[in-house]
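Reading through the structure tokens given below for one structure.
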Amino acid sequence: VQLQASGGGLVQAGDSLRLSCAASGRTFSTYAMGWFRQASGKEREFVAAIRWSGGSTYYADSVKGRFSISRDNAKITVYLQMNSLKPEDTAVYYCAVGLGYYSDGYYYTKDSSYQYWGQGTNVTVSS
């Protein structure tokens, strides 16, 4: 599975961005796709995830109400709409594909549940 993320950039606080992540290759076993981010000097953290079948979504508390994850099954693409951006959202954003099924969505918030990762796209939010 190959992932290509795009859409990052430099914006001001309060602005919006939409990240995209297109998957290709052996994607038929995909159960979920997620977004994680890593700020400079910090560990990678969960942002949002979506089940490929059914579309259930999961969000980190820090982005609830501001970010929205969605998918396009036909294009095998996941999107992350980011509104009301804050300087603390500045990070490299990574998309990932998870091949395992978990009845408890909690596991889709863990990076260990994802087997394939994109190259990352930079998001910088200035104050």
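The way I read the labels, and the way they are meant: chains A, B, ... in the order of the structure tokens, residue 1 as the first residue of every chain, and ligand 1 as the first ligand shown, with later ones counted on from there.
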| request: May I have the residues within 9 Å of Leu10 (chain A) as a VMD selection string, using only C-alpha atoms and disregarding those fewer than 3 positions away in the same chain? | output: chain A and resid 122 to 126
What would the file look like if the residues just selected were written as a PDB file, in the first residue's frame with N, CA, C and O atoms?
ATOM      1  N   ASN A 122       3.601  19.040   5.790  1.00  0.00           N
ATOM      2  CA  ASN A 122       3.820  20.057   6.810  1.00  0.00           C
ATOM      3  C   ASN A 122       2.645  21.018   6.915  1.00  0.00           C
ATOM      4  O   ASN A 122       2.151  21.532   5.903  1.00  0.00           O
ATOM      5  N   VAL A 123       2.246  21.264   8.142  1.00  0.00           N
ATOM      6  CA  VAL A 123       1.248  22.294   8.429  1.00  0.00           C
ATOM      7  C   VAL A 123       1.857  23.262   9.434  1.00  0.00           C
ATOM      8  O   VAL A 123       2.296  22.851  10.507  1.00  0.00           O
ATOM      9  N   THR A 124       1.901  24.528   9.055  1.00  0.00           N
ATOM     10  CA  THR A 124       2.423  25.564   9.947  1.00  0.00           C
ATOM     11  C   THR A 124       1.360  26.627  10.128  1.00  0.00           C
ATOM     12  O   THR A 124       0.854  27.177   9.145  1.00  0.00           O
ATOM     13  N   VAL A 125       1.033  26.895  11.378  1.00  0.00           N
ATOM     14  CA  VAL A 125       0.024  27.891  11.703  1.00  0.00           C
ATOM     15  C   VAL A 125       0.690  29.029  12.466  1.00  0.00           C
ATOM     16  O   VAL A 125       1.208  28.825  13.561  1.00  0.00           O
ATOM     17  N   SER A 126       0.671  30.192  11.876  1.00  0.00           N
ATOM     18  CA  SER A 126       1.299  31.348  12.523  1.00  0.00           C
ATOM     19  C   SER A 126       0.268  32.103  13.358  1.00  0.00           C
ATOM     20  O   SER A 126      -0.921  32.129  13.025  1.00  0.00           O
TER      21      SER A 126
END
| Residue list (strand (DSSP E), DSSP) for region 36-70 of chain A, as a list in words |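 Filtering region 36-70 of chain A down to strand (DSSP E) leaves Phe36, Arg37, Gln38, Glu45, Phe46, Val47, Ala48, Ala49, Ile50, Arg51, Thr57, Tyr58, Tyr59, Phe67, Ser68, Ile69 and Ser70 of chain A.
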Atoms to include: N, CA and C atoms. Write the selected residues as an mmCIF file, in the first residue's frame.
data_model
loop_
_atom_site.group_PDB
_atom_site.id
_atom_site.type_symbol
_atom_site.label_atom_id
_atom_site.label_comp_id
_atom_site.auth_asym_id
_atom_site.auth_seq_id
_atom_site.Cartn_x
_atom_site.Cartn_y
_atom_site.Cartn_z
ATOM 1 N N PHE A 36 -2.246 11.244 11.911
ATOM 2 C CA PHE A 36 -1.448 11.504 13.095
ATOM 3 C C PHE A 36 -0.599 12.737 12.805
ATOM 4 N N ARG A 37 -0.051 13.313 13.842
ATOM 5 C CA ARG A 37 0.829 14.466 13.631
ATOM 6 C C ARG A 37 1.977 14.419 14.625
ATOM 7 N N GLN A 38 3.057 15.058 14.205
ATOM 8 C CA GLN A 38 4.226 15.126 15.070
ATOM 9 C C GLN A 38 4.802 16.519 15.006
ATOM 10 N N GLU A 45 1.321 11.979 17.633
ATOM 11 C CA GLU A 45 0.053 11.843 18.336
ATOM 12 C C GLU A 45 -1.093 11.635 17.361
ATOM 13 N N PHE A 46 -2.112 10.987 17.849
ATOM 14 C CA PHE A 46 -3.311 10.702 17.065
ATOM 15 C C PHE A 46 -4.098 11.983 16.837
ATOM 16 N N VAL A 47 -4.669 12.108 15.642
ATOM 17 C CA VAL A 47 -5.515 13.252 15.322
ATOM 18 C C VAL A 47 -6.946 12.792 15.033
ATOM 19 N N ALA A 48 -7.103 11.907 14.053
ATOM 20 C CA ALA A 48 -8.436 11.462 13.662
ATOM 21 C C ALA A 48 -8.335 10.156 12.891
ATOM 22 N N ALA A 49 -9.423 9.389 12.889
ATOM 23 C CA ALA A 49 -9.453 8.140 12.146
ATOM 24 C C ALA A 49 -10.873 7.885 11.667
ATOM 25 N N ILE A 50 -10.968 7.060 10.627
ATOM 26 C CA ILE A 50 -12.275 6.725 10.073
ATOM 27 C C ILE A 50 -12.269 5.265 9.647
ATOM 28 N N ARG A 51 -13.312 4.553 10.005
ATOM 29 C CA ARG A 51 -13.474 3.185 9.541
ATOM 30 C C ARG A 51 -13.847 3.217 8.065
ATOM 31 N N THR A 57 -16.157 7.624 12.912
ATOM 32 C CA THR A 57 -15.009 8.513 13.054
ATOM 33 C C THR A 57 -14.580 8.656 14.501
ATOM 34 N N TYR A 58 -13.316 8.980 14.678
ATOM 35 C CA TYR A 58 -12.727 9.131 16.001
ATOM 36 C C TYR A 58 -11.801 10.342 15.958
ATOM 37 N N TYR A 59 -11.803 11.120 17.034
ATOM 38 C CA TYR A 59 -11.007 12.342 17.073
ATOM 39 C C TYR A 59 -10.276 12.480 18.399
ATOM 40 N N PHE A 67 -11.763 19.823 13.508
ATOM 41 C CA PHE A 67 -11.315 18.980 12.409
ATOM 42 C C PHE A 67 -12.403 17.977 12.047
ATOM 43 N N SER A 68 -12.419 17.601 10.784
ATOM 44 C CA SER A 68 -13.379 16.604 10.321
ATOM 45 C C SER A 68 -12.698 15.666 9.338
ATOM 46 N N ILE A 69 -12.824 14.368 9.581
ATOM 47 C CA ILE A 69 -12.241 13.378 8.684
ATOM 48 C C ILE A 69 -13.345 12.776 7.830
ATOM 49 N N SER A 70 -13.038 12.553 6.567
ATOM 50 C CA SER A 70 -14.004 11.942 5.654
ATOM 51 C C SER A 70 -13.256 11.084 4.648
#
| remark: Using only C-alpha atoms, the best pick from A:Leu85, A:Ala74, A:Met33, A:Ala39 as closest to Asp111 (chain A) would be A:Met33
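Taking CA of Arg66 (chain A) as the reference point, CA of Gly118 (chain A) is found at 22.8 Å.
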| Which value, in Å to one decimal, gives the distance between CA of Trp35 (chain A) and CA of Gly120 (chain A)? |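 Rounded to one decimal, the two atoms are 9.7 Å apart.
Nearest to Trp117 (chain A) of all the residues A:Gly55, A:Lys75, A:Gly105, A:Leu3 is A:Leu3, counting only C-alpha atoms.
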| Residues of region 18-112 of chain A in helix (DSSP H, G or I), written as JSON, numbers by chain | {"A": [87, 88, 89, 105, 106, 107, 108, 109, 111, 112]}
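The two atoms in question, CA of Met82 (chain A) and CA of Ser16 (chain A), are spaced 5.4 Å apart.
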